[in-house]
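*Asks:* Once you've had a glance at the structure underneath, I'll fire off some questions.
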Amino acid sequence: MSTSTLSQAEDDITRGVAPLEVTDLTTTFVPKGRRIEVVRGVSFTLRRGETLMLLGESGSGKSVTARSIMQLYGSAAELGGSVRMNGQELLGLPESRLRGVRGGQIALIPQDPTGALDPLRRIGAQLTEVLAVHGVERVRRAARRRAEELLAMVGIPDPKRVADSYPHELSGGMRQRAVIAIAVACDPQVLIADEPTTALDVTVQAQILELLSELRERLGTAMLMVTHDVGVAGDFGGRIGVMYAGRLVEEGPAGEVLTNPRHPYTRGLLDSLPGPDIPRGTLRSIEGSPPGVGAFPAGCAFAPRCPVARPSCHSEDPPLIGVGRDRAAACPVVNPVRPSPGKAA
Amino acid sequence: MSDAMAGQSAADPTVLLRGEHLTKTFGNGVRAVSDVSLTVHRGETLGVVGESGCGKSTTGKMLLGLLTPDEGTVTFDGRPLAELGRAELRAVRARLQVVPQNPQTSLNPRLTVRSSIEFNLRAHGMPRAQRGPRVLELLERVGLTAAQSVRFPHELSGGQLQRVAIARALATSPDLVVCDEAVSALDKSVQAQVLNLLADLQAETGVAFLFISHDLAVVEHISDRVAVMYLGRVVEVAPAKRLWASPQHPYTTALLSATPGQGRERIVLSGELPSPANPPSGCGFRTRCPVAEEVCATSWPPLTEVTDGHTAACIHLTRQPEPAVPVPR
C-alpha cells in the first residue's frame, strides 16, 4: 500500500467513513413460513485498499454474508443490522437506487463465471452495457474502446477477439477474467469476490489470484473475498475473518491468525490440514461435522465439537471481542477476560 | 525396496495391478489417455494428480476394468483383465473396489445404509446369515453406529456418507481400492477424519490404494508414490517425498508451486490446459512450458529414469541428469 492511500485510510477512519462498514448483519431465509437463520450478527469494517478474507467451511454463511451485502436475495431473505458504504446505509434502499450501487460502487465476482455471463451476448456487449448503465461511457465507440482496455487490463492477450466472442467460446479462466473486467469496469470502491477461483484448476487459480492481487494494488479497491481454502486466504494476505455457523468467530491480520489462532475452531481447522511433516493417519481432525444450516446448536455453535468447551459454552453464545492489538475472537475460554486496567468511562 | 523392482519382470510378486500402454479415445475424438503405464504394488498407496481433463479418472476406470482401453492391457495379480471370463471378472471385482467422489449419487437413495453395504456382500456371494454381522462390524470400523445403519443417504452428512462408501468398498476385503477424488467434496475438518480412517484401514488390512485427486496436499500426505498426469499422459512418477523435494518435470514444478499455502515461490504458467480434442504437436506441455524448445514440438519425450523409482518425461532431463556443475569463470 502506498503512503498516500495509507494516509487516506487514516483520514477515512478519523472521519468515521469507511468504504464498507457492516454492523450486526443478520440474514434469515423465510421459505414457506419457516425461518432459517443463516447469518447471525456479523460485523466488520473494510477500509480503503484493505482486503478481508471470509474463511469458512460449507454452511458457515460466508457466501450468504457477501451476497447479503449486495442484497441479492430480494424477498427470499430478511436482512437485519446495517451495511454502510461511505457512511450511507444500503439496507432498505429502494431497488431503483440499489441498481446504481451494484456493479457501480460495489461489484461482485461470483464463483461460477459461466452463470454470471449472458450466454447469448458477446463479451464486448456485456461490458459496454455495464459502462452505459452506470453512466461511465455512453458513446458507443468510446465504450467499445474502454471495453477492450479493460479486457487487456485483466490479462486477456487478444482483447479484440475476446470482445467479439460469446462466453462459450472462451475457457473457464478467460471467462473468469472477463467477469473480473466487468466487475472493475466502473471503478468500484468495494469488490466482493465469492470463491473466485474454486471452479478453476490450480495453475489457472494461480493466474487469477495474481491478477486480483495486481488489481487490488493498482486500483486501491477494498476487497472482500470469500474462500474455503486456508492456503488461498493465507497467500492473498490482508485480514482474515473466520466464520462458523453464521458467525464471525475470529478476525485479524492473515499472518497472525494462521500462525497464532485465538479461537479453537480456527486452531482445529488449521490442524486438520494435511502437511508434509505429519505422519500418515495422525491428522488432528475436529470431532463431528459442521452443523447444518438451520440446525445451529444453542450457545456457542462450536461447543459440541470443541475440545476446550465448558458447560457454560453450551448455553451462552460469546461475542466477538478484542484480544490484543488488531485481533478479535469469540472464545472466552481461550481468551479469558483479564481484570480491566480501570478504563475511565 | 519395491521401487528398485518397479516395472521389472511381469512375474514380480509385489505387483498387484499393472496398466501398460493404456490408451483411450472417446467417440467425440477426445483422446483422454495416451500410452499410460502405471503399477500399484501390494499394500501401497499410489497417488495420481493432475488438473481437470488430464485423464486421471479415465485411467482409474480402465484400471478398474470399468472401461475397456483401446490399446494396452491391465493385469491384476498376474492375470490380464481382458482374458477373464464373466465369473472370473466378478471374482476379481470383489478384490478391486472403488470409493467414488460423490456418495450422494453413488449410493442408492432408496436403500438404507445397511442395505447398500449388504448389496455388495450379496453380489459377491456371502451367505445371508453372515451378512448382518459383517455390515455392523464394517460400520463400526468406519465410525458409524448401529442406529445409523438403518438411515437413508439423505439423512447423513457428507462425511458420514463417505464413511459408508468406504465401508461398502471394504466389505469384500479387497486388495485394492481406487479412491477417485474420495475426499475432495468434504470440508477440511471432516476430510482429516476420513484420511486418518483410510490410513488406519491400510495399516490393519494391507489394502492398496490408487488415490486419484487434484488436491496436492492430500496426495502428498497419503501417498507412497505419486504419478503426475498432464493432457492424458504420465509426465512424472516418483516417491512422494522425493517428488515434493525435487520435482523434475517443469509441469510438476509449476503445479506444486501453484498450490496456495505451500510457501514455494509461485511459478505462474501462461495460458491454460489445451483441449484434449486438439492437443499441440509433440510434448503437450510445450505451449505453457517455460523451458520449451523447438524440438519439443516433434514428439512427447518418453519417461526417463532420473534416479531409482523416479522417472520424468522431459528432454531437459537427459541433457542435465544432475544439477548443473558450476562453470568456472
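Residue names in the C-alpha cells use chain letters A, B, ... in the order shown, residue numbers from 1 in each chain, and ligand numbers from 1 in the order shown.
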Using only C-alpha atoms, which chain B residues lie at most 10 Å away from chain A, written as a PyMOL selection string?

*Replies:* chain B and resi 50-53+157-160+186-203+214-223+240-241+244+251+254-263+266-275

*Asks:* If you count only C-alpha atoms, which residues fall within 7 Å of Leu121 of chain B, apart from same-chain ones fewer than 3 positions away, as a CSV table (one decimal) with N, CA and C atoms, in the first residue's frame?

*Replies:*
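Final file, out28.csv:
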chain,number,residue,atom,x,y,z
B,117,ILE,N,-24.6,-51.7,1.8
B,117,ILE,CA,-23.4,-52.5,2.0
B,117,ILE,C,-23.7,-54.0,1.8
B,118,GLU,N,-24.9,-54.4,2.3
B,118,GLU,CA,-25.3,-55.8,2.1
B,118,GLU,C,-25.3,-56.2,0.6
B,124,HIS,N,-21.3,-60.6,-4.1
B,124,HIS,CA,-20.1,-61.4,-4.1
B,124,HIS,C,-20.3,-62.7,-3.3
B,125,GLY,N,-21.5,-63.1,-3.1
B,125,GLY,CA,-21.8,-64.4,-2.7
B,125,GLY,C,-21.7,-64.7,-1.2
B,126,MET,N,-21.8,-63.7,-0.4
B,126,MET,CA,-21.7,-64.1,1.1
B,126,MET,C,-23.1,-64.6,1.5
B,131,ARG,N,-24.0,-61.9,6.5
B,131,ARG,CA,-24.0,-60.5,6.1
B,131,ARG,C,-24.3,-59.5,7.2
B,171,ALA,N,-16.1,-54.0,2.2
B,171,ALA,CA,-16.9,-55.2,2.6
B,171,ALA,C,-16.3,-56.5,2.1
B,172,THR,N,-15.8,-56.5,0.9
B,172,THR,CA,-15.4,-57.8,0.4
B,172,THR,C,-13.9,-58.0,0.6

*Asks:* Can you list every residue in segment 67-212 of chain A that DSSP puts in alpha helix (DSSP H), as a PDB file with N, CA and C atoms, in the first residue's frame?

*Replies:*
ATOM      1  N   ARG A  67     -23.295 -12.011  -0.278  1.00  0.00           N
ATOM      2  CA  ARG A  67     -24.437 -11.730  -1.143  1.00  0.00           C
ATOM      3  C   ARG A  67     -25.480 -10.866  -0.443  1.00  0.00           C
ATOM      4  N   SER A  68     -25.529 -10.955   0.889  1.00  0.00           N
ATOM      5  CA  SER A  68     -26.461 -10.105   1.621  1.00  0.00           C
ATOM      6  C   SER A  68     -26.022  -8.641   1.535  1.00  0.00           C
ATOM      7  N   ILE A  69     -24.706  -8.416   1.526  1.00  0.00           N
ATOM      8  CA  ILE A  69     -24.197  -7.057   1.402  1.00  0.00           C
ATOM      9  C   ILE A  69     -24.664  -6.464   0.069  1.00  0.00           C
ATOM     10  N   GLU A  95     -35.010  -0.531  -4.613  1.00  0.00           N
ATOM     11  CA  GLU A  95     -34.346  -1.317  -5.655  1.00  0.00           C
ATOM     12  C   GLU A  95     -33.762  -0.410  -6.751  1.00  0.00           C
ATOM     13  N   SER A  96     -34.490   0.667  -7.089  1.00  0.00           N
ATOM     14  CA  SER A  96     -34.021   1.546  -8.159  1.00  0.00           C
ATOM     15  C   SER A  96     -32.679   2.190  -7.799  1.00  0.00           C
ATOM     16  N   ARG A  97     -32.527   2.548  -6.513  1.00  0.00           N
ATOM     17  CA  ARG A  97     -31.262   3.141  -6.088  1.00  0.00           C
ATOM     18  C   ARG A  97     -30.177   2.073  -6.007  1.00  0.00           C
ATOM     19  N   LEU A  98     -30.572   0.881  -5.539  1.00  0.00           N
ATOM     20  CA  LEU A  98     -29.600  -0.202  -5.382  1.00  0.00           C
ATOM     21  C   LEU A  98     -28.943  -0.568  -6.700  1.00  0.00           C
ATOM     22  N   ARG A  99     -29.742  -0.507  -7.756  1.00  0.00           N
ATOM     23  CA  ARG A  99     -29.227  -0.899  -9.061  1.00  0.00           C
ATOM     24  C   ARG A  99     -28.018  -0.046  -9.460  1.00  0.00           C
ATOM     25  N   GLY A 100     -28.054   1.222  -9.048  1.00  0.00           N
ATOM     26  CA  GLY A 100     -26.923   2.096  -9.344  1.00  0.00           C
ATOM     27  C   GLY A 100     -25.703   1.768  -8.492  1.00  0.00           C
ATOM     28  N   VAL A 101     -25.961   1.257  -7.292  1.00  0.00           N
ATOM     29  CA  VAL A 101     -24.857   0.929  -6.384  1.00  0.00           C
ATOM     30  C   VAL A 101     -24.180  -0.365  -6.820  1.00  0.00           C
ATOM     31  N   PRO A 113     -18.146 -18.331 -13.311  1.00  0.00           N
ATOM     32  CA  PRO A 113     -18.203 -17.275 -14.326  1.00  0.00           C
ATOM     33  C   PRO A 113     -19.202 -17.597 -15.437  1.00  0.00           C
ATOM     34  N   THR A 114     -19.465 -18.880 -15.648  1.00  0.00           N
ATOM     35  CA  THR A 114     -20.378 -19.257 -16.726  1.00  0.00           C
ATOM     36  C   THR A 114     -21.790 -18.766 -16.434  1.00  0.00           C
ATOM     37  N   GLY A 115     -22.203 -18.915 -15.178  1.00  0.00           N
ATOM     38  CA  GLY A 115     -23.544 -18.471 -14.817  1.00  0.00           C
ATOM     39  C   GLY A 115     -23.661 -16.959 -14.756  1.00  0.00           C
ATOM     40  N   ALA A 116     -22.526 -16.260 -14.604  1.00  0.00           N
ATOM     41  CA  ALA A 116     -22.565 -14.819 -14.436  1.00  0.00           C
ATOM     42  C   ALA A 116     -22.657 -14.087 -15.772  1.00  0.00           C
ATOM     43  N   ILE A 123     -19.046 -10.855 -25.281  1.00  0.00           N
ATOM     44  CA  ILE A 123     -18.404 -10.277 -24.095  1.00  0.00           C
ATOM     45  C   ILE A 123     -18.352  -8.758 -24.197  1.00  0.00           C
ATOM     46  N   GLY A 124     -18.000  -8.239 -25.367  1.00  0.00           N
ATOM     47  CA  GLY A 124     -17.874  -6.791 -25.546  1.00  0.00           C
ATOM     48  C   GLY A 124     -19.180  -6.082 -25.231  1.00  0.00           C
ATOM     49  N   ALA A 125     -20.295  -6.624 -25.710  1.00  0.00           N
ATOM     50  CA  ALA A 125     -21.603  -6.008 -25.485  1.00  0.00           C
ATOM     51  C   ALA A 125     -21.963  -6.018 -24.006  1.00  0.00           C
ATOM     52  N   GLN A 126     -21.569  -7.095 -23.308  1.00  0.00           N
ATOM     53  CA  GLN A 126     -21.890  -7.178 -21.884  1.00  0.00           C
ATOM     54  C   GLN A 126     -21.101  -6.144 -21.092  1.00  0.00           C
ATOM     55  N   LEU A 127     -19.886  -5.854 -21.574  1.00  0.00           N
ATOM     56  CA  LEU A 127     -19.067  -4.839 -20.911  1.00  0.00           C
ATOM     57  C   LEU A 127     -19.594  -3.433 -21.190  1.00  0.00           C
ATOM     58  N   THR A 128     -19.912  -3.148 -22.456  1.00  0.00           N
ATOM     59  CA  THR A 128     -20.358  -1.788 -22.790  1.00  0.00           C
ATOM     60  C   THR A 128     -21.707  -1.488 -22.132  1.00  0.00           C
ATOM     61  N   GLU A 129     -22.508  -2.538 -21.931  1.00  0.00           N
ATOM     62  CA  GLU A 129     -23.781  -2.329 -21.254  1.00  0.00           C
ATOM     63  C   GLU A 129     -23.561  -1.818 -19.828  1.00  0.00           C
ATOM     64  N   VAL A 130     -22.615  -2.463 -19.123  1.00  0.00           N
ATOM     65  CA  VAL A 130     -22.337  -2.039 -17.752  1.00  0.00           C
ATOM     66  C   VAL A 130     -21.853  -0.594 -17.740  1.00  0.00           C
ATOM     67  N   LEU A 131     -20.983  -0.256 -18.683  1.00  0.00           N
ATOM     68  CA  LEU A 131     -20.453   1.106 -18.753  1.00  0.00           C
ATOM     69  C   LEU A 131     -21.583   2.105 -19.004  1.00  0.00           C
ATOM     70  N   ALA A 132     -22.535   1.736 -19.857  1.00  0.00           N
ATOM     71  CA  ALA A 132     -23.633   2.644 -20.199  1.00  0.00           C
ATOM     72  C   ALA A 132     -24.614   2.786 -19.033  1.00  0.00           C
ATOM     73  N   VAL A 133     -24.982   1.647 -18.437  1.00  0.00           N
ATOM     74  CA  VAL A 133     -25.971   1.667 -17.350  1.00  0.00           C
ATOM     75  C   VAL A 133     -25.494   2.551 -16.204  1.00  0.00           C
ATOM     76  N   ARG A 140     -20.938   4.886 -28.018  1.00  0.00           N
ATOM     77  CA  ARG A 140     -20.698   3.501 -28.360  1.00  0.00           C
ATOM     78  C   ARG A 140     -19.224   3.191 -28.668  1.00  0.00           C
ATOM     79  N   ARG A 141     -18.620   4.036 -29.510  1.00  0.00           N
ATOM     80  CA  ARG A 141     -17.234   3.742 -29.904  1.00  0.00           C
ATOM     81  C   ARG A 141     -16.271   3.830 -28.730  1.00  0.00           C
ATOM     82  N   ALA A 142     -16.473   4.886 -27.937  1.00  0.00           N
ATOM     83  CA  ALA A 142     -15.589   5.065 -26.783  1.00  0.00           C
ATOM     84  C   ALA A 142     -15.775   3.914 -25.802  1.00  0.00           C
ATOM     85  N   ALA A 143     -17.034   3.479 -25.656  1.00  0.00           N
ATOM     86  CA  ALA A 143     -17.311   2.383 -24.729  1.00  0.00           C
ATOM     87  C   ALA A 143     -16.623   1.114 -25.209  1.00  0.00           C
ATOM     88  N   ARG A 144     -16.695   0.878 -26.508  1.00  0.00           N
ATOM     89  CA  ARG A 144     -16.053  -0.304 -27.059  1.00  0.00           C
ATOM     90  C   ARG A 144     -14.535  -0.260 -26.811  1.00  0.00           C
ATOM     91  N   ARG A 145     -13.964   0.960 -26.994  1.00  0.00           N
ATOM     92  CA  ARG A 145     -12.525   1.093 -26.777  1.00  0.00           C
ATOM     93  C   ARG A 145     -12.194   0.799 -25.310  1.00  0.00           C
ATOM     94  N   ARG A 146     -13.043   1.358 -24.422  1.00  0.00           N
ATOM     95  CA  ARG A 146     -12.838   1.156 -22.994  1.00  0.00           C
ATOM     96  C   ARG A 146     -12.966  -0.335 -22.643  1.00  0.00           C
ATOM     97  N   ALA A 147     -13.922  -1.012 -23.281  1.00  0.00           N
ATOM     98  CA  ALA A 147     -14.126  -2.442 -23.021  1.00  0.00           C
ATOM     99  C   ALA A 147     -12.858  -3.223 -23.365  1.00  0.00           C
ATOM    100  N   GLU A 148     -12.271  -2.886 -24.494  1.00  0.00           N
ATOM    101  CA  GLU A 148     -11.050  -3.591 -24.889  1.00  0.00           C
ATOM    102  C   GLU A 148      -9.908  -3.280 -23.931  1.00  0.00           C
ATOM    103  N   GLU A 149      -9.849  -2.027 -23.466  1.00  0.00           N
ATOM    104  CA  GLU A 149      -8.819  -1.671 -22.479  1.00  0.00           C
ATOM    105  C   GLU A 149      -8.968  -2.503 -21.213  1.00  0.00           C
ATOM    106  N   LEU A 150     -10.229  -2.633 -20.791  1.00  0.00           N
ATOM    107  CA  LEU A 150     -10.485  -3.397 -19.570  1.00  0.00           C
ATOM    108  C   LEU A 150     -10.080  -4.862 -19.747  1.00  0.00           C
ATOM    109  N   LEU A 151     -10.407  -5.423 -20.897  1.00  0.00           N
ATOM    110  CA  LEU A 151     -10.044  -6.823 -21.144  1.00  0.00           C
ATOM    111  C   LEU A 151      -8.533  -6.985 -21.149  1.00  0.00           C
ATOM    112  N   ALA A 152      -7.836  -5.990 -21.720  1.00  0.00           N
ATOM    113  CA  ALA A 152      -6.371  -6.052 -21.718  1.00  0.00           C
ATOM    114  C   ALA A 152      -5.855  -5.938 -20.287  1.00  0.00           C
ATOM    115  N   MET A 153      -6.518  -5.105 -19.492  1.00  0.00           N
ATOM    116  CA  MET A 153      -6.062  -4.891 -18.117  1.00  0.00           C
ATOM    117  C   MET A 153      -6.153  -6.174 -17.285  1.00  0.00           C
ATOM    118  N   PRO A 159      -7.669  -8.859 -26.727  1.00  0.00           N
ATOM    119  CA  PRO A 159      -8.938  -8.260 -26.283  1.00  0.00           C
ATOM    120  C   PRO A 159      -9.966  -8.060 -27.401  1.00  0.00           C
ATOM    121  N   LYS A 160      -9.505  -7.728 -28.606  1.00  0.00           N
ATOM    122  CA  LYS A 160     -10.461  -7.506 -29.703  1.00  0.00           C
ATOM    123  C   LYS A 160     -11.242  -8.778 -29.991  1.00  0.00           C
ATOM    124  N   ARG A 161     -10.519  -9.886 -30.105  1.00  0.00           N
ATOM    125  CA  ARG A 161     -11.176 -11.147 -30.431  1.00  0.00           C
ATOM    126  C   ARG A 161     -12.113 -11.575 -29.296  1.00  0.00           C
ATOM    127  N   VAL A 162     -11.631 -11.420 -28.059  1.00  0.00           N
ATOM    128  CA  VAL A 162     -12.454 -11.852 -26.923  1.00  0.00           C
ATOM    129  C   VAL A 162     -13.712 -10.990 -26.815  1.00  0.00           C
ATOM    130  N   ALA A 163     -13.581  -9.694 -27.094  1.00  0.00           N
ATOM    131  CA  ALA A 163     -14.761  -8.823 -27.043  1.00  0.00           C
ATOM    132  C   ALA A 163     -15.816  -9.279 -28.049  1.00  0.00           C
ATOM    133  N   GLY A 172     -12.569 -21.549 -19.126  1.00  0.00           N
ATOM    134  CA  GLY A 172     -13.010 -21.141 -17.793  1.00  0.00           C
ATOM    135  C   GLY A 172     -12.206 -19.974 -17.237  1.00  0.00           C
ATOM    136  N   GLY A 173     -10.902 -20.023 -17.404  1.00  0.00           N
ATOM    137  CA  GLY A 173     -10.045 -18.962 -16.897  1.00  0.00           C
ATOM    138  C   GLY A 173     -10.303 -17.636 -17.608  1.00  0.00           C
ATOM    139  N   MET A 174     -10.497 -17.707 -18.934  1.00  0.00           N
ATOM    140  CA  MET A 174     -10.769 -16.498 -19.717  1.00  0.00           C
ATOM    141  C   MET A 174     -12.124 -15.903 -19.329  1.00  0.00           C
ATOM    142  N   ARG A 175     -13.104 -16.764 -19.115  1.00  0.00           N
ATOM    143  CA  ARG A 175     -14.424 -16.277 -18.695  1.00  0.00           C
ATOM    144  C   ARG A 175     -14.326 -15.566 -17.359  1.00  0.00           C
ATOM    145  N   GLN A 176     -13.521 -16.154 -16.432  1.00  0.00           N
ATOM    146  CA  GLN A 176     -13.409 -15.503 -15.129  1.00  0.00           C
ATOM    147  C   GLN A 176     -12.707 -14.155 -15.281  1.00  0.00           C
ATOM    148  N   ARG A 177     -11.739 -14.065 -16.187  1.00  0.00           N
ATOM    149  CA  ARG A 177     -11.101 -12.767 -16.441  1.00  0.00           C
ATOM    150  C   ARG A 177     -12.115 -11.762 -16.983  1.00  0.00           C
ATOM    151  N   ALA A 178     -12.982 -12.225 -17.897  1.00  0.00           N
ATOM    152  CA  ALA A 178     -13.991 -11.332 -18.464  1.00  0.00           C
ATOM    153  C   ALA A 178     -14.941 -10.836 -17.371  1.00  0.00           C
ATOM    154  N   VAL A 179     -15.319 -11.729 -16.472  1.00  0.00           N
ATOM    155  CA  VAL A 179     -16.206 -11.343 -15.364  1.00  0.00           C
ATOM    156  C   VAL A 179     -15.511 -10.312 -14.477  1.00  0.00           C
ATOM    157  N   ILE A 180     -14.221 -10.508 -14.247  1.00  0.00           N
ATOM    158  CA  ILE A 180     -13.477  -9.548 -13.432  1.00  0.00           C
ATOM    159  C   ILE A 180     -13.425  -8.197 -14.142  1.00  0.00           C
ATOM    160  N   ALA A 181     -13.254  -8.214 -15.481  1.00  0.00           N
ATOM    161  CA  ALA A 181     -13.238  -6.959 -16.243  1.00  0.00           C
ATOM    162  C   ALA A 181     -14.561  -6.224 -16.063  1.00  0.00           C
ATOM    163  N   ILE A 182     -15.671  -6.960 -16.104  1.00  0.00           N
ATOM    164  CA  ILE A 182     -16.988  -6.337 -15.918  1.00  0.00           C
ATOM    165  C   ILE A 182     -17.101  -5.770 -14.505  1.00  0.00           C
ATOM    166  N   ALA A 183     -16.591  -6.533 -13.533  1.00  0.00           N
ATOM    167  CA  ALA A 183     -16.697  -6.101 -12.141  1.00  0.00           C
ATOM    168  C   ALA A 183     -15.927  -4.805 -11.885  1.00  0.00           C
ATOM    169  N   VAL A 184     -14.757  -4.652 -12.516  1.00  0.00           N
ATOM    170  CA  VAL A 184     -13.960  -3.454 -12.230  1.00  0.00           C
ATOM    171  C   VAL A 184     -14.235  -2.332 -13.232  1.00  0.00           C
ATOM    172  N   VAL A 202      -5.776 -25.590 -10.554  1.00  0.00           N
ATOM    173  CA  VAL A 202      -4.830 -24.923  -9.659  1.00  0.00           C
ATOM    174  C   VAL A 202      -3.858 -24.002 -10.397  1.00  0.00           C
ATOM    175  N   THR A 203      -3.428 -24.381 -11.605  1.00  0.00           N
ATOM    176  CA  THR A 203      -2.497 -23.479 -12.299  1.00  0.00           C
ATOM    177  C   THR A 203      -3.223 -22.230 -12.801  1.00  0.00           C
ATOM    178  N   VAL A 204      -4.517 -22.361 -13.140  1.00  0.00           N
ATOM    179  CA  VAL A 204      -5.289 -21.194 -13.570  1.00  0.00           C
ATOM    180  C   VAL A 204      -5.683 -20.359 -12.347  1.00  0.00           C
ATOM    181  N   GLN A 205      -5.952 -21.039 -11.236  1.00  0.00           N
ATOM    182  CA  GLN A 205      -6.231 -20.339  -9.989  1.00  0.00           C
ATOM    183  C   GLN A 205      -5.088 -19.405  -9.634  1.00  0.00           C
ATOM    184  N   ALA A 206      -3.862 -19.891  -9.810  1.00  0.00           N
ATOM    185  CA  ALA A 206      -2.694 -19.069  -9.501  1.00  0.00           C
ATOM    186  C   ALA A 206      -2.694 -17.803 -10.356  1.00  0.00           C
ATOM    187  N   GLN A 207      -3.083 -17.942 -11.627  1.00  0.00           N
ATOM    188  CA  GLN A 207      -3.129 -16.773 -12.518  1.00  0.00           C
ATOM    189  C   GLN A 207      -4.160 -15.757 -12.036  1.00  0.00           C
ATOM    190  N   ILE A 208      -5.357 -16.249 -11.683  1.00  0.00           N
ATOM    191  CA  ILE A 208      -6.438 -15.339 -11.300  1.00  0.00           C
ATOM    192  C   ILE A 208      -6.120 -14.645  -9.975  1.00  0.00           C
ATOM    193  N   LEU A 209      -5.527 -15.383  -9.025  1.00  0.00           N
ATOM    194  CA  LEU A 209      -5.171 -14.762  -7.748  1.00  0.00           C
ATOM    195  C   LEU A 209      -4.128 -13.672  -7.960  1.00  0.00           C
ATOM    196  N   GLU A 210      -3.196 -13.957  -8.863  1.00  0.00           N
ATOM    197  CA  GLU A 210      -2.171 -12.958  -9.181  1.00  0.00           C
ATOM    198  C   GLU A 210      -2.826 -11.698  -9.766  1.00  0.00           C
ATOM    199  N   LEU A 211      -3.786 -11.922 -10.667  1.00  0.00           N
ATOM    200  CA  LEU A 211      -4.485 -10.795 -11.290  1.00  0.00           C
ATOM    201  C   LEU A 211      -5.238  -9.974 -10.245  1.00  0.00           C
ATOM    202  N   LEU A 212      -5.968 -10.643  -9.357  1.00  0.00           N
ATOM    203  CA  LEU A 212      -6.746  -9.921  -8.347  1.00  0.00           C
ATOM    204  C   LEU A 212      -5.828  -9.124  -7.431  1.00  0.00           C
TER     205      LEU A 212
END

*Asks:* Write out as a list of chain:residue names each polymer residue whose atoms come within 10 Å of Glu293 of chain B, counting only C-alpha atoms; drop sequence neighbours fewer than 6 positions from it.

*Replies:*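 In the requested form, the answer reads B:Arg286, B:Ile315, B:His316.
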
*Asks:* Limited to C-alpha atoms, could you put the picked residues into a file as a PDB file, in the first residue's frame?

*Replies:*
ATOM      1  CA  ARG B 286       5.257 -27.170 -24.568  1.00  0.00           C
ATOM      2  CA  ILE B 315      14.075 -33.683 -22.789  1.00  0.00           C
ATOM      3  CA  HIS B 316      15.817 -31.433 -20.315  1.00  0.00           C
TER       4      HIS B 316
END

*Asks:* Could you jot down the atom CA of Tyr73 of chain A to atom CA of Cys300 of chain A separation for me, Å, one decimal place?

*Replies:*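 Computing it gives 27.0 Å between the two atoms.
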
*Asks:* May I have the residues within 12 Å of Gly78 of chain B as an MDAnalysis selection string, using only C-alpha atoms and disregarding those fewer than 3 positions away in the same chain?

*Replies:* chainID B and resid 9:19 39 41 73:75 81 83:84 92

*Asks:* Keeping only C-alpha atoms, write the selected residues as a PDB file, in the first residue's frame.

*Replies:*
ATOM      1  CA  SER B   9       9.602 -58.602 -14.686  1.00  0.00           C
ATOM      2  CA  ALA B  10       5.889 -59.284 -15.122  1.00  0.00           C
ATOM      3  CA  ALA B  11       6.201 -62.020 -12.512  1.00  0.00           C
ATOM      4  CA  ASP B  12       7.184 -59.542  -9.806  1.00  0.00           C
ATOM      5  CA  PRO B  13       5.131 -60.821  -6.848  1.00  0.00           C
ATOM      6  CA  THR B  14       4.909 -57.370  -5.222  1.00  0.00           C
ATOM      7  CA  VAL B  15       2.980 -56.016  -8.196  1.00  0.00           C
ATOM      8  CA  LEU B  16      -0.763 -56.074  -7.648  1.00  0.00           C
ATOM      9  CA  LEU B  17      -2.083 -54.093 -10.566  1.00  0.00           C
ATOM     10  CA  ARG B  18      -0.306 -53.070 -13.705  1.00  0.00           C
ATOM     11  CA  GLY B  19      -1.609 -50.965 -16.550  1.00  0.00           C
ATOM     12  CA  THR B  39       1.963 -50.045 -11.411  1.00  0.00           C
ATOM     13  CA  HIS B  41       2.244 -52.669  -5.520  1.00  0.00           C
ATOM     14  CA  THR B  73      -3.523 -54.122 -21.067  1.00  0.00           C
ATOM     15  CA  VAL B  74      -4.477 -54.171 -17.419  1.00  0.00           C
ATOM     16  CA  THR B  75      -3.067 -57.022 -15.367  1.00  0.00           C
ATOM     17  CA  LEU B  81      -8.425 -58.449 -17.165  1.00  0.00           C
ATOM     18  CA  GLU B  83      -8.780 -62.512 -20.786  1.00  0.00           C
ATOM     19  CA  LEU B  84     -11.078 -63.114 -17.827  1.00  0.00           C
ATOM     20  CA  VAL B  92     -11.685 -60.067  -9.369  1.00  0.00           C
TER      21      VAL B  92
END

*Asks:* Atom CA of Thr145 of chain B and atom CA of Arg122 of chain B, how far apart in Å?

*Replies:* 21.6 Å

*Asks:* Report as a PyMOL selection string: the residues of segment 29-162 of chain A with a DSSP assignment of strand (DSSP E), based on the backbone of this structure.

*Replies:* chain A and resi 29+36-46+51-55+77-85+88-89+106-109

*Asks:* Those same residues, written as a CSV table (one decimal), in the first residue's frame with C-alpha atoms?

*Replies:*
chain,number,residue,atom,x,y,z
A,29,PHE,CA,-34.4,-17.1,4.8
A,36,ILE,CA,-33.8,-20.2,8.8
A,37,GLU,CA,-31.1,-18.0,10.3
A,38,VAL,CA,-28.0,-18.3,8.1
A,39,VAL,CA,-26.0,-15.2,9.1
A,40,ARG,CA,-26.3,-14.3,12.8
A,41,GLY,CA,-24.8,-10.9,13.6
A,42,VAL,CA,-21.7,-10.3,11.5
A,43,SER,CA,-19.8,-7.1,11.9
A,44,PHE,CA,-16.6,-5.8,10.2
A,45,THR,CA,-15.1,-2.7,8.7
A,46,LEU,CA,-13.3,-2.7,5.4
A,51,THR,CA,-8.7,-6.9,2.0
A,52,LEU,CA,-10.8,-9.1,4.2
A,53,MET,CA,-10.9,-12.9,3.5
A,54,LEU,CA,-14.0,-14.6,4.8
A,55,LEU,CA,-12.8,-18.1,5.6
A,77,ALA,CA,-34.5,-13.3,2.8
A,78,GLU,CA,-34.9,-10.9,5.7
A,79,LEU,CA,-31.9,-8.8,6.3
A,80,GLY,CA,-31.1,-7.1,9.7
A,81,GLY,CA,-28.4,-4.9,11.0
A,82,SER,CA,-26.6,-2.3,8.9
A,83,VAL,CA,-24.5,-2.2,5.8
A,84,ARG,CA,-22.9,1.3,5.3
A,85,MET,CA,-21.0,2.4,2.3
A,88,GLN,CA,-24.5,5.7,3.6
A,89,GLU,CA,-26.9,3.0,4.7
A,106,ILE,CA,-19.8,-2.3,-5.2
A,107,ALA,CA,-19.2,-5.2,-7.6
A,108,LEU,CA,-19.4,-8.9,-7.3
A,109,ILE,CA,-17.1,-11.6,-8.8

*Asks:* Can you pull out the residues contacting Phe211 of chain B? Cut-off 8 Å, using only C-alpha atoms, and skip same-chain residues under 5 positions away; I want them as a PyMOL selection string.

*Replies:* chain B and resi 45-48+178-181+219+223

*Asks:* Could you pull the residues within 10 Å of segment 309-319 of chain A, counting only C-alpha atoms, minus those fewer than 5 positions along the same chain, as a PyMOL selection string?

*Replies:* chain A and resi 41+247-249+264+297-304+328-334
